[in-house]
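As stored in final-v8.txt (compact mmCIF, C-alpha atoms):
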# COMPACT_ATOMS: atom_id res chain seq x y z
CA MET A 1 132.94 60.02 -70.18
CA TRP A 2 136.44 61.06 -71.24
CA ILE A 3 138.09 57.96 -69.73
CA HIS A 4 136.63 55.81 -72.51
CA TYR A 5 138.73 57.54 -75.18
CA PRO A 6 142.20 56.53 -73.94
CA ILE A 7 140.90 53.02 -73.26
CA ILE A 8 139.51 52.78 -76.80
CA PHE A 9 142.79 54.05 -78.29
CA LEU A 10 144.90 51.59 -76.27
CA ILE A 11 142.64 48.63 -77.10
CA THR A 12 142.61 49.68 -80.76
CA GLN A 13 146.40 49.69 -80.75
CA MET A 14 146.44 46.20 -79.23
CA CYS A 15 143.95 44.90 -81.80
CA LEU A 16 145.80 46.43 -84.74
CA LEU A 17 149.09 44.95 -83.55
CA TRP A 18 147.41 41.57 -83.07
CA LEU A 19 146.00 41.64 -86.61
CA LEU A 20 149.34 42.75 -88.06
CA THR A 21 151.22 40.07 -86.09
CA MET A 22 148.79 37.40 -87.22
CA GLY A 23 148.94 38.55 -90.84
CA LEU A 24 152.75 38.63 -90.92
CA ARG A 25 153.01 35.20 -89.31
CA ILE A 26 150.51 33.70 -91.75
CA ALA A 27 152.37 35.28 -94.67
CA ALA A 28 155.70 33.94 -93.38
CA PHE A 29 154.18 30.47 -93.03
CA LYS A 30 152.68 30.56 -96.53
CA GLN A 31 156.05 31.63 -97.93
CA LYS A 32 157.64 28.74 -96.01
CA LYS A 33 159.89 31.08 -94.02
CA VAL A 34 158.72 29.51 -90.75
CA SER A 35 157.57 26.04 -89.84
CA VAL A 36 154.59 24.87 -87.84
CA SER A 37 156.83 24.20 -84.84
CA ASP A 38 158.24 27.76 -85.06
CA ILE A 39 154.71 29.08 -84.75
CA GLN A 40 153.64 26.52 -82.14
CA PHE A 41 156.59 27.22 -79.85
CA ILE A 42 156.84 30.91 -80.84
CA GLU A 43 160.45 30.69 -81.98
CA LYS A 44 160.66 34.39 -82.74
CA SER A 45 164.27 34.15 -83.86
CA HIS A 46 163.08 32.14 -86.89
CA PHE A 47 160.48 34.73 -87.94
CA PRO A 48 161.29 37.47 -90.45
CA LYS A 49 162.53 40.64 -88.74
CA THR A 50 159.33 42.65 -89.25
CA ALA A 51 157.11 39.85 -87.96
CA MET A 52 159.35 39.47 -84.93
CA LEU A 53 159.35 43.22 -84.17
CA VAL A 54 155.57 43.54 -84.56
CA GLY A 55 155.06 40.47 -82.36
CA ASN A 56 157.36 41.92 -79.70
CA SER A 57 155.53 45.24 -79.84
CA TYR A 58 152.21 43.40 -79.44
CA ASP A 59 153.58 41.56 -76.40
CA ASN A 60 154.73 44.88 -74.89
CA GLN A 61 151.16 46.22 -74.90
CA PHE A 62 150.22 43.81 -72.12
CA GLN A 63 152.52 45.47 -69.64
CA GLN A 64 152.12 49.21 -69.10
CA SER A 65 149.04 49.65 -71.28
CA THR A 66 147.02 47.01 -69.45
CA LEU A 67 147.91 48.46 -66.05
CA PHE A 68 147.05 51.94 -67.31
CA ILE A 69 143.63 50.68 -68.44
CA VAL A 70 143.14 49.26 -64.93
CA LEU A 71 143.98 52.70 -63.52
CA LEU A 72 141.47 54.36 -65.84
CA CYS A 73 138.79 51.89 -64.76
CA LEU A 74 139.53 52.70 -61.10
CA LEU A 75 139.30 56.42 -61.86
CA SER A 76 135.97 55.86 -63.56
CA GLN A 77 134.64 53.70 -60.74
CA GLN A 78 135.53 56.33 -58.13
CA ASN A 79 134.38 59.29 -60.29
CA ILE A 80 137.83 60.90 -60.18
CA GLU A 81 138.10 63.48 -62.95
CA GLY A 82 140.06 66.55 -63.85
CA HIS A 83 142.38 68.12 -66.37
CA PHE A 84 145.39 66.37 -64.83
CA TRP A 85 143.97 62.94 -65.67
CA TYR A 86 142.98 63.97 -69.18
CA VAL A 87 146.43 65.40 -69.96
CA ILE A 88 148.40 62.52 -68.42
CA SER A 89 146.23 59.97 -70.25
CA THR A 90 146.64 61.77 -73.56
CA PHE A 91 150.42 61.90 -73.19
CA PHE A 92 150.53 58.23 -72.17
CA VAL A 93 148.49 57.10 -75.19
CA LEU A 94 150.55 59.23 -77.59
CA ALA A 95 153.80 57.94 -76.09
CA ARG A 96 152.63 54.32 -76.41
CA TYR A 97 151.75 54.83 -80.09
CA TRP A 98 155.09 56.57 -80.64
CA HIS A 99 156.94 53.73 -78.88
CA CYS A 100 155.06 51.16 -80.97
CA ILE A 101 156.07 52.88 -84.21
CA GLU A 102 159.70 53.21 -83.12
CA HIS A 103 159.70 49.58 -81.95
CA ILE A 104 158.44 48.25 -85.28
CA LEU A 105 160.54 50.47 -87.53
CA CYS A 106 163.64 49.86 -85.38
CA LYS A 107 165.43 52.86 -86.84
CA ASN A 108 166.38 55.01 -83.86
CA LEU A 109 166.98 53.49 -80.45
CA LEU A 110 167.25 56.92 -78.82
CA LEU A 111 163.74 57.91 -79.98
CA ARG A 112 162.40 54.54 -78.89
CA THR A 113 163.98 55.04 -75.46
CA LEU A 114 162.57 58.57 -75.20
CA SER A 115 159.08 57.38 -76.08
CA PHE A 116 159.33 54.59 -73.52
CA ALA A 117 160.63 57.02 -70.88
CA LEU A 118 157.75 59.43 -71.55
CA ALA A 119 155.17 56.63 -71.31
CA SER A 120 156.83 55.32 -68.13
CA ALA A 121 156.89 58.77 -66.56
CA CYS A 122 153.18 59.28 -67.35
CA PHE A 123 152.44 55.80 -66.03
CA PHE A 124 154.19 56.34 -62.69
CA ILE A 125 152.93 59.91 -62.24
CA ALA A 126 149.36 58.75 -62.89
CA TRP A 127 149.57 55.81 -60.48
CA PHE A 128 151.22 57.90 -57.76
CA GLY A 129 148.60 60.60 -58.38
CA TYR A 130 145.86 58.04 -57.93
CA LEU A 131 147.43 56.66 -54.74
CA TYR A 132 147.88 60.21 -53.41
CA THR A 133 144.21 60.97 -54.14
CA CYS A 134 143.11 57.79 -52.37
CA LEU A 135 145.32 58.46 -49.35
CA ASN A 136 144.17 62.06 -49.20
CA ASP A 137 140.53 60.91 -49.19
CA ILE A 138 141.23 58.38 -46.44
CA LEU A 139 143.06 60.90 -44.27
CA LEU A 140 140.28 63.47 -44.61
CA PHE A 141 137.73 61.08 -43.09
Translate the structure of the given file into structure tokens.
Amino acid sequence: MWIHYPIIFLITQMCLLWLLTMGLRIAAFKQKKVSVSDIQFIEKSHFPKTAMLVGNSYDNQFQQSTLFIVLLCLLSQQNIEGHFWYVISTFFVLARYWHCIEHILCKNLLLRTLSFALASACFFIAWFGYLYTCLNDILLF
């Protein structure tokens, strides 16, 4: 089923960010750039800039992306399909990857904002589309 692809891409992104965050934090600890208490209490201001940005990007994935995965699971459970869902899911996943790259590289705030706005628009359109479909089904009975 097509719904598995966006879920796989979003979970892959989360896993890659987790591995990168873990690797950068371990490297910073080995280089004595952070202490055990910095890691224990997640004092991000003490981490090197890249480790902090990757960690923040990883944390961001548990907001919109998780709720979008929930939506995809609901669509799957109720056998709701169509080109609209495929297109909106594709744009959402691409926008989340774009936002992640802009977030980590921290080079252009405007592009980061645009990627976030695109992902947010897809997120809200998809959820409102789902609610509309559910209400439409209820009203037809």
Exercise. So, counting only C-alpha atoms, which residue among A:Leu24, A:Leu19, A:Ile104, A:Ile39 is closest to Asn56 of chain A?
Worked result: A:Ile104
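The shortest atom-to-atom distance to Ser89 of chain A, with only C-alpha atoms taken into account, belongs to A:Ile3 out of A:Ile3, A:Cys15, A:Cys134, A:Leu118.
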Seminar exercise, completed: re atom CA of Ile26 of chain A and atom CA of Asp38 of chain A: distance 11.8 Å
Exercise. Which protein, DNA or RNA residues have an atom at most 12 Å from (160.8, 59.1, -80.0), counting all atoms listed in the file? List them as a ChimeraX atom specification.
Worked result: /A:94-103,105-119
Selection export as an mmCIF file, in the frame of the given file, atoms kept: C-alpha atoms:
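Now in part34.cif:
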data_model
loop_
_atom_site.group_PDB
_atom_site.id
_atom_site.type_symbol
_atom_site.label_atom_id
_atom_site.label_comp_id
_atom_site.auth_asym_id
_atom_site.auth_seq_id
_atom_site.Cartn_x
_atom_site.Cartn_y
_atom_site.Cartn_z
ATOM 1 C CA LEU A 94 150.550 59.230 -77.590
ATOM 2 C CA ALA A 95 153.800 57.940 -76.090
ATOM 3 C CA ARG A 96 152.630 54.320 -76.410
ATOM 4 C CA TYR A 97 151.750 54.830 -80.090
ATOM 5 C CA TRP A 98 155.090 56.570 -80.640
ATOM 6 C CA HIS A 99 156.940 53.730 -78.880
ATOM 7 C CA CYS A 100 155.060 51.160 -80.970
ATOM 8 C CA ILE A 101 156.070 52.880 -84.210
ATOM 9 C CA GLU A 102 159.700 53.210 -83.120
ATOM 10 C CA HIS A 103 159.700 49.580 -81.950
ATOM 11 C CA LEU A 105 160.540 50.470 -87.530
ATOM 12 C CA CYS A 106 163.640 49.860 -85.380
ATOM 13 C CA LYS A 107 165.430 52.860 -86.840
ATOM 14 C CA ASN A 108 166.380 55.010 -83.860
ATOM 15 C CA LEU A 109 166.980 53.490 -80.450
ATOM 16 C CA LEU A 110 167.250 56.920 -78.820
ATOM 17 C CA LEU A 111 163.740 57.910 -79.980
ATOM 18 C CA ARG A 112 162.400 54.540 -78.890
ATOM 19 C CA THR A 113 163.980 55.040 -75.460
ATOM 20 C CA LEU A 114 162.570 58.570 -75.200
ATOM 21 C CA SER A 115 159.080 57.380 -76.080
ATOM 22 C CA PHE A 116 159.330 54.590 -73.520
ATOM 23 C CA ALA A 117 160.630 57.020 -70.880
ATOM 24 C CA LEU A 118 157.750 59.430 -71.550
ATOM 25 C CA ALA A 119 155.170 56.630 -71.310
#
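We find atom CA of Ser120 of chain A and atom CA of Leu72 of chain A to be spaced 15.6 Å apart.
The space separating atom CA of Trp85 of chain A from atom CA of Tyr130 of chain A comes to 9.4 Å.
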Given all atoms listed in the file, how would the per-residue table for segment 6-26 of chain A near segment 63-70 of chain A read, listing every residue at most 10 Å away with its closest atom pair and distance in Å to one decimal, sorted by chain and number, as JSON lines?
{"residue": "A:Pro6", "atom": "CA", "partner": "A:Ile69", "partner_atom": "CA", "distance": 8.2}
{"residue": "A:Ile7", "atom": "CA", "partner": "A:Ile69", "partner_atom": "CA", "distance": 6.0}
{"residue": "A:Ile8", "atom": "CA", "partner": "A:Ile69", "partner_atom": "CA", "distance": 9.6}
{"residue": "A:Leu10", "atom": "CA", "partner": "A:Ser65", "partner_atom": "CA", "distance": 6.8}
{"residue": "A:Ile11", "atom": "CA", "partner": "A:Ser65", "partner_atom": "CA", "distance": 8.7}
{"residue": "A:Gln13", "atom": "CA", "partner": "A:Ser65", "partner_atom": "CA", "distance": 9.8}
{"residue": "A:Met14", "atom": "CA", "partner": "A:Ser65", "partner_atom": "CA", "distance": 9.0}
Got a sec: who's within 12 Å of Ile80 of chain A, counting only C-alpha atoms, leaving out chain neighbours fewer than 6 positions off, as a PDB file with C-alpha atoms, keeping the file's coordinate frame?
ATOM      1  CA  MET A   1     132.940  60.020 -70.180  1.00  0.00           C
ATOM      2  CA  TRP A   2     136.440  61.060 -71.240  1.00  0.00           C
ATOM      3  CA  ILE A   3     138.090  57.960 -69.730  1.00  0.00           C
ATOM      4  CA  LEU A  71     143.980  52.700 -63.520  1.00  0.00           C
ATOM      5  CA  LEU A  72     141.470  54.360 -65.840  1.00  0.00           C
ATOM      6  CA  CYS A  73     138.790  51.890 -64.760  1.00  0.00           C
ATOM      7  CA  LEU A  74     139.530  52.700 -61.100  1.00  0.00           C
ATOM      8  CA  TYR A  86     142.980  63.970 -69.180  1.00  0.00           C
ATOM      9  CA  GLY A 129     148.600  60.600 -58.380  1.00  0.00           C
ATOM     10  CA  TYR A 130     145.860  58.040 -57.930  1.00  0.00           C
ATOM     11  CA  LEU A 131     147.430  56.660 -54.740  1.00  0.00           C
ATOM     12  CA  THR A 133     144.210  60.970 -54.140  1.00  0.00           C
ATOM     13  CA  CYS A 134     143.110  57.790 -52.370  1.00  0.00           C
ATOM     14  CA  ASP A 137     140.530  60.910 -49.190  1.00  0.00           C
TER      15      ASP A 137
END
Problem set entry | Best match for closeness to Ala121 of chain A among A:Thr50, A:Phe92, A:Leu135, A:Asp59, counting all atoms listed in the file | A:Phe92
Problem set entry | Residues near Ala28 of chain A, cut-off 12 Å, only C-alpha atoms, skip fewer than 3 positions along chain, as an MDAnalysis selection string | chainID A and resid 21:25 31:36 38:39 44 46:52
Put a box with edges along x, y and z around all the listed atoms of segment 85-100 of chain A, pad it by 8 Å on each side, then give me its centre and sizes in Å, one decimal, as JSON.
{"center_x": 150.0, "center_y": 58.3, "center_z": -73.3, "size_x": 30.0, "size_y": 30.2, "size_z": 31.3}
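Of the residues under consideration (A:Val93, A:Leu140, A:Ile88, A:Ile42), A:Val93 shows the shortest atom-to-atom contact distance to Phe9 of chain A when counting all atoms listed in the file.
Minimum distance to Val87 of chain A across A:Phe128, A:Phe41, A:Phe29, A:Phe123 (counting only C-alpha atoms) occurs at A:Phe123.
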